[in-house]
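Enquirer: Before I ask anything, here is the structure I am working with.
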Amino acid sequence: MKLDTSGLESAAPVWGAPSELVDGFSAAPLFEVPNTTDFDGFQKEAIQMVKPAKGTTTLAFIFKEGVMVAADSRASMGGYISSQSVKKIIEINPYMLGTMAGGAADCQFWHRNLGIKCRLHELANKRRISVTGASKLLANILYSYRGMGLSVGTMIAGWDETGPGLYYVDSEGGRLKGMRFSVGSGSPYAYGVLDNGYRYDMSVEEAAELARRAIYHATFRDGASGGVASVYYVGPSGWKKLSGDDVGELHYKYYPVMPSTVEQEMIEVAGA
Amino acid sequence: MARYDRAITVFSPDGHLFQVEYALEAVRKGNAAVGVRGTDIVVLGVEKKSAAKLQDSRSVRKIVSLDDHVALACAGLKADARVLINRARIECQSHRLTVEDPVTVEYITRYIAGLQQKYTQSGGVRPFGLSTLIIGFDPYTDVPSLYHTDPSGTFSAWKANATGRNSNSMREYLEKNYKETSGQETVKLAIRALLEVVESGGKNIEVAVMTKVHGLRQLEEAEIDAIVAEIEAEKAAAEAAKKAPAAPKET
C-alpha cells in the first residue's frame, strides 16, 4: 500500500527562490515511516501508549511578587516507582523555568532546545526574549510534531520587561496564558488546595507555603506523585530555589503524631 | 576587468565584487533621500521628480510604512524596492505571529540587509539596486531609530544620513549642521539638507515624520511649502545679518 506521505514532507523552499512564508517557521523534519498494514492504527496505538504517562504534579501561579513554581519528583512506570528524585523543574535560563509533565525525555530535550533558541535570540537581538516569545517558540515546535507521539505538558514561567509571565504549553500544540496552572495526574488535588488558598497579594513566604502544601496534598492522594516537593520563586532578578522537602516529612509537619490516650494506669499522673 | 563583472559570484583579483559596485552606481543615480533622527521624532525626506501631467501622483508614494511603527524610504531601482518592501512587510507580520511582539527597527533592518546580502552570494541573480533609510520606534520605548542599508547588505545606525543623488553634499551639510533637535526643528533640518540638492518647493519634495504617539504622518504639500518659506526667510535674515556691518556700541 503506497502511503501518501506528502503531509510529512518539510515545506523546504525551491533553491534560489526564498519562500517568504516558511522562512520564519521551523519545518518538521523528514523521517522514515514504519512498514505496517495499518499506519493510522499504529500511530494511534503509539500515542495511546505514551499518553497516560503524565504521572506527576506540577503547579505554577502568578502573584504580586512574581511567579511561584512547584513540582513533585516521582517517576512511575505503571505501578513501579522508578525514581523518587527526578528534577521536574527545568532551568531554561537564569530568568525562565519550565516544568516537566509527560515524557521525561521529551520535556528535557525540548526545554534544553528552547534554552538554546532563547540564547540565540538574545545574541541576535541584544535583548532577552519575552516569556510570551519563548512559550510561542516552544508551542510552534510542538505543533509541528503534532500527532507524532510527543508527550509534553509544560508550564513556562519567567520574568521579562512586562513583568511576571506564565504560559501552559502542551504537545497537542495548545498554548494558554494564565495566572494559575497545575499539570499532571495529581493536578485536581493540587488545584483544590491552590484555588482555596490563593490570594494575589501574598508575600513570597506565604506563596511558597501555599505551593508546598498543594504539592504535598497531591502527593498524599495521587499514587503517581511523591518524592520531594521543590518550590522555586521567579522574581525580577531571576529564579531562586526556595525549598525541597521530602513529602513524607511534610506529612508529619502538617499532621504531627498526637500521643494517643492510653488506659489510666499507664499514665503518669501529674503531681498535684 | 570586464571578465569579472558578469557573474555576481566572482571576486576580481583586487577583491571587488563588481556587480555590487554597479548596484551602488544605480543607487547614486536614484532620487535623493535624507533621514534625520531627533530626540522624540525621526524624519524622512525624498526628492520627487516632477510628476507627469497625466500621472496620478498618489500612486507614487516614495516613503512607505512597513508596520505601524516602522517606515522606509529608498533610492535606486523602484521595482526592486517594491519586492524588498513586500518581503519586509511579510517579515514584520511573521515576527508578530511567532513571538507576539512587533519587530524592533534593528531587527527588520537586519532582515532587509540580510536579504540584500543573500542576493550578492547566489548564482543567477543580481543584487537589489537600492539603498534604504529605515526609521521607527522600538516597541515599549520612546527612542527613535534611523538605519541605512545598501546593496552589499551592510547596515548601520545613523543620527542623520542621506542616500541617492548628491548624497555626499547632503551628508556634508548634515555633518556641518547636525545637532540634537526635536519636533519641528528636526523636520526643518531634514528639509534644509534636501534643499541643498533639490529645487525648492513642496512640489519637489516628499516629507514624512514619525513620532511614537502618532506613528507615520506624510506632510501635505502646503505644510512643506510653509516650512520651506520659513527656511528661506531664515536664510535671508542670516545673509542680511552677515552683510550689514556690526552696529556701533551706544554710549
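Quick note on naming: the chains in the C-alpha cells go A, B, ... in the order shown, residues restart at 1 in each chain, and ligands are numbered from 1 in order of appearance.
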Please return as a ChimeraX atom specification: the residues of range 12-155 of chain B that backbone DSSP assigns to alpha helix (DSSP H).

Expert: /B:18-29,78-99,105-118

Enquirer: Please report as number ranges by chain which residues of chain B come no farther than 12 Å from chain A, using only C-alpha atoms.

Expert: B: 83-84, 86-111, 115, 118-119, 121-126, 138-141

Enquirer: Give me the residues near range 208-224 of chain A as a ChimeraX atom specification, where near means some atom within 8 Å (using only C-alpha atoms) and where sequence neighbours in that chain fewer than 5 positions away do not count.

Expert: /A:55-60,68-72,74-76,81,185-194,197-198,229-233,242,247,250-251

Enquirer: As a list in words, please: the residues near Asn177 in chain B (cut-off 9 Å, only C-alpha atoms, same-chain neighbours under 4 positions excluded).

Expert: Glu172, Tyr173 and Leu189 of chain B

Enquirer: Using only C-alpha atoms, please write the residues we just selected to a file, as a PDB file, in the first residue's frame.

Expert:
```pdb
ATOM      1  CA  GLU B 172      28.478  67.066   4.296  1.00  0.00           C
ATOM      2  CA  TYR B 173      25.753  69.619   5.055  1.00  0.00           C
ATOM      3  CA  LEU B 189      16.947  70.257   9.382  1.00  0.00           C
TER       4      LEU B 189
END
```

Enquirer: Using only C-alpha atoms, which of the listed residues (A:Lys54, A:Arg199, A:Arg146, A:Lys44) sits closest to Val183 in chain A?

Expert: A:Lys54

Enquirer: Could you list, as an MDAnalysis selection string, every residue within 10 Å of Met100 in chain A, counting only C-alpha atoms and ignoring same-chain residues fewer than 3 positions away?

Expert: chainID A and resid 54 56:58 71:73 86:90 103:108 111 152:156 183:184

Enquirer: Residues as selected, N, CA, C and O atoms, written as an mmCIF file, in the first residue's frame, can you do that?

Expert:
```
data_model
loop_
_atom_site.group_PDB
_atom_site.id
_atom_site.type_symbol
_atom_site.label_atom_id
_atom_site.label_comp_id
_atom_site.auth_asym_id
_atom_site.auth_seq_id
_atom_site.Cartn_x
_atom_site.Cartn_y
_atom_site.Cartn_z
ATOM 1 N N LYS A 54 1.396 10.984 32.159
ATOM 2 C CA LYS A 54 1.680 12.256 32.850
ATOM 3 C C LYS A 54 1.447 12.075 34.349
ATOM 4 O O LYS A 54 0.644 12.783 34.950
ATOM 5 N N THR A 56 2.325 12.849 37.535
ATOM 6 C CA THR A 56 3.140 13.847 38.202
ATOM 7 C C THR A 56 2.228 14.925 38.753
ATOM 8 O O THR A 56 1.033 14.926 38.483
ATOM 9 N N THR A 57 2.784 15.807 39.587
ATOM 10 C CA THR A 57 2.041 17.014 39.950
ATOM 11 C C THR A 57 2.979 18.201 39.797
ATOM 12 O O THR A 57 4.052 18.225 40.420
ATOM 13 N N THR A 58 2.579 19.148 38.967
ATOM 14 C CA THR A 58 3.355 20.389 38.874
ATOM 15 C C THR A 58 2.362 21.531 38.958
ATOM 16 O O THR A 58 1.211 21.377 38.570
ATOM 17 N N ALA A 71 6.843 21.464 42.094
ATOM 18 C CA ALA A 71 6.612 20.163 41.472
ATOM 19 C C ALA A 71 7.015 19.062 42.429
ATOM 20 O O ALA A 71 7.781 19.293 43.374
ATOM 21 N N ASP A 72 6.515 17.842 42.175
ATOM 22 C CA ASP A 72 6.960 16.684 42.948
ATOM 23 C C ASP A 72 8.178 16.103 42.233
ATOM 24 O O ASP A 72 8.746 16.743 41.347
ATOM 25 N N SER A 73 8.605 14.884 42.640
ATOM 26 C CA SER A 73 9.802 14.349 41.985
ATOM 27 C C SER A 73 9.713 12.848 41.752
ATOM 28 O O SER A 73 10.734 12.161 41.716
ATOM 29 N N VAL A 86 13.426 12.892 40.660
ATOM 30 C CA VAL A 86 13.513 13.452 39.307
ATOM 31 C C VAL A 86 13.390 14.966 39.378
ATOM 32 O O VAL A 86 12.542 15.486 40.088
ATOM 33 N N LYS A 87 14.239 15.673 38.640
ATOM 34 C CA LYS A 87 14.134 17.130 38.591
ATOM 35 C C LYS A 87 13.059 17.506 37.584
ATOM 36 O O LYS A 87 13.268 17.381 36.377
ATOM 37 N N LYS A 88 11.916 17.951 38.101
ATOM 38 C CA LYS A 88 10.826 18.279 37.183
ATOM 39 C C LYS A 88 10.738 19.755 36.885
ATOM 40 O O LYS A 88 9.893 20.169 36.091
ATOM 41 N N ILE A 89 11.558 20.548 37.561
ATOM 42 C CA ILE A 89 11.572 21.974 37.220
ATOM 43 C C ILE A 89 12.880 22.217 36.492
ATOM 44 O O ILE A 89 13.962 22.013 37.035
ATOM 45 N N ILE A 90 12.749 22.607 35.225
ATOM 46 C CA ILE A 90 13.913 22.696 34.341
ATOM 47 C C ILE A 90 14.315 24.158 34.203
ATOM 48 O O ILE A 90 13.471 25.021 33.948
ATOM 49 N N GLY A 103 6.272 12.814 28.984
ATOM 50 C CA GLY A 103 7.502 12.077 28.703
ATOM 51 C C GLY A 103 8.700 12.857 29.215
ATOM 52 O O GLY A 103 8.904 14.001 28.819
ATOM 53 N N ALA A 104 9.498 12.233 30.081
ATOM 54 C CA ALA A 104 10.632 12.954 30.677
ATOM 55 C C ALA A 104 11.629 13.370 29.611
ATOM 56 O O ALA A 104 12.119 14.507 29.600
ATOM 57 N N ALA A 105 11.928 12.448 28.699
ATOM 58 C CA ALA A 105 12.920 12.758 27.665
ATOM 59 C C ALA A 105 12.439 13.892 26.779
ATOM 60 O O ALA A 105 13.192 14.817 26.471
ATOM 61 N N ASP A 106 11.154 13.812 26.384
ATOM 62 C CA ASP A 106 10.605 14.878 25.536
ATOM 63 C C ASP A 106 10.731 16.228 26.217
ATOM 64 O O ASP A 106 11.184 17.201 25.620
ATOM 65 N N CYS A 107 10.317 16.292 27.494
ATOM 66 C CA CYS A 107 10.356 17.578 28.202
ATOM 67 C C CYS A 107 11.792 18.086 28.309
ATOM 68 O O CYS A 107 12.085 19.234 27.991
ATOM 69 N N GLN A 108 12.694 17.197 28.753
ATOM 70 C CA GLN A 108 14.075 17.645 28.958
ATOM 71 C C GLN A 108 14.694 18.139 27.668
ATOM 72 O O GLN A 108 15.306 19.196 27.610
ATOM 73 N N HIS A 111 12.991 21.444 26.333
ATOM 74 C CA HIS A 111 13.305 22.613 27.157
ATOM 75 C C HIS A 111 14.736 23.065 26.925
ATOM 76 O O HIS A 111 15.025 24.268 26.862
ATOM 77 N N VAL A 152 4.126 16.104 26.102
ATOM 78 C CA VAL A 152 4.708 17.211 26.863
ATOM 79 C C VAL A 152 3.573 18.051 27.423
ATOM 80 O O VAL A 152 2.715 18.499 26.673
ATOM 81 N N GLY A 153 3.558 18.247 28.754
ATOM 82 C CA GLY A 153 2.580 19.164 29.359
ATOM 83 C C GLY A 153 3.373 20.079 30.253
ATOM 84 O O GLY A 153 3.700 19.723 31.373
ATOM 85 N N THR A 154 3.703 21.253 29.758
ATOM 86 C CA THR A 154 4.668 22.064 30.481
ATOM 87 C C THR A 154 4.142 23.464 30.753
ATOM 88 O O THR A 154 3.223 23.929 30.085
ATOM 89 N N MET A 155 4.707 24.081 31.756
ATOM 90 C CA MET A 155 4.406 25.483 32.032
ATOM 91 C C MET A 155 5.705 26.256 31.902
ATOM 92 O O MET A 155 6.730 25.823 32.436
ATOM 93 N N ILE A 156 5.649 27.379 31.180
ATOM 94 C CA ILE A 156 6.824 28.243 31.044
ATOM 95 C C ILE A 156 6.574 29.447 31.949
ATOM 96 O O ILE A 156 5.591 30.175 31.767
ATOM 97 N N VAL A 183 -0.514 20.898 36.376
ATOM 98 C CA VAL A 183 -0.487 19.891 35.314
ATOM 99 C C VAL A 183 -0.086 18.556 35.899
ATOM 100 O O VAL A 183 0.804 18.479 36.744
ATOM 101 N N GLY A 184 -0.758 17.477 35.446
ATOM 102 C CA GLY A 184 -0.354 16.139 35.850
ATOM 103 C C GLY A 184 -1.502 15.393 36.496
ATOM 104 O O GLY A 184 -2.592 15.918 36.710
#
```

Enquirer: Residues at most 8 Å from range 64-81 of chain B, counting only C-alpha atoms, excluding those fewer than 6 positions away in the same chain, as a ChimeraX atom specification?

Expert: /B:26-33,44,46,88-89,92,105,128-139,163-164,210,212,215-216

Enquirer: So which bits of range 51-81 of chain B end up strand (DSSP E or B) when you DSSP the backbone, as a list in words?

Expert: Ile63, Val64, Ser65, Leu66, Asp67, Val70, Ala71, Leu72, Ala73, Cys74, Ala75 and Gly76 of chain B

Enquirer: So, with only C-alpha atoms as the atoms that count, which of B:Ala240, B:Ala190, B:Val10, B:Leu219 lies closest to Lys203 in chain B?

Expert: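 Under the stated criterion, the closest residue is B:Leu219.
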
Enquirer: Which residues, written as an NGL selection string, have at least one atom at most 12 Å from Glu65 in chain A, with only C-alpha atoms counted and residues fewer than 5 positions away on the same chain left out?

Expert: :A and (159 or 163-165 or 199-208 or 233-237)

Enquirer: Quick one: write out the picked residues with C-alpha atoms as a short mmCIF file (atom, residue, chain, number, x, y, z; two decimals), in the first residue's frame?

Expert:
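And here's out_15.cif as it stands now:
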```
data_model
loop_
_atom_site.label_atom_id
_atom_site.label_comp_id
_atom_site.auth_asym_id
_atom_site.auth_seq_id
_atom_site.Cartn_x
_atom_site.Cartn_y
_atom_site.Cartn_z
CA TRP A 159 10.06 37.40 34.43
CA GLY A 163 6.66 41.67 34.49
CA PRO A 164 5.85 38.08 35.52
CA GLY A 165 4.68 35.70 32.79
CA ARG A 199 -4.67 35.49 47.02
CA TYR A 200 -2.93 37.89 44.63
CA ASP A 201 -1.26 39.90 47.38
CA MET A 202 0.62 37.20 49.25
CA SER A 203 4.19 37.54 50.43
CA VAL A 204 6.87 35.27 48.99
CA GLU A 205 6.85 33.08 52.13
CA GLU A 206 3.05 32.73 52.09
CA ALA A 207 3.05 31.85 48.42
CA ALA A 208 5.84 29.30 48.89
CA TYR A 233 10.40 31.57 43.03
CA VAL A 234 10.83 33.74 39.92
CA GLY A 235 11.32 37.42 40.65
CA PRO A 236 12.70 40.48 38.88
CA SER A 237 16.28 39.24 39.25
#
```
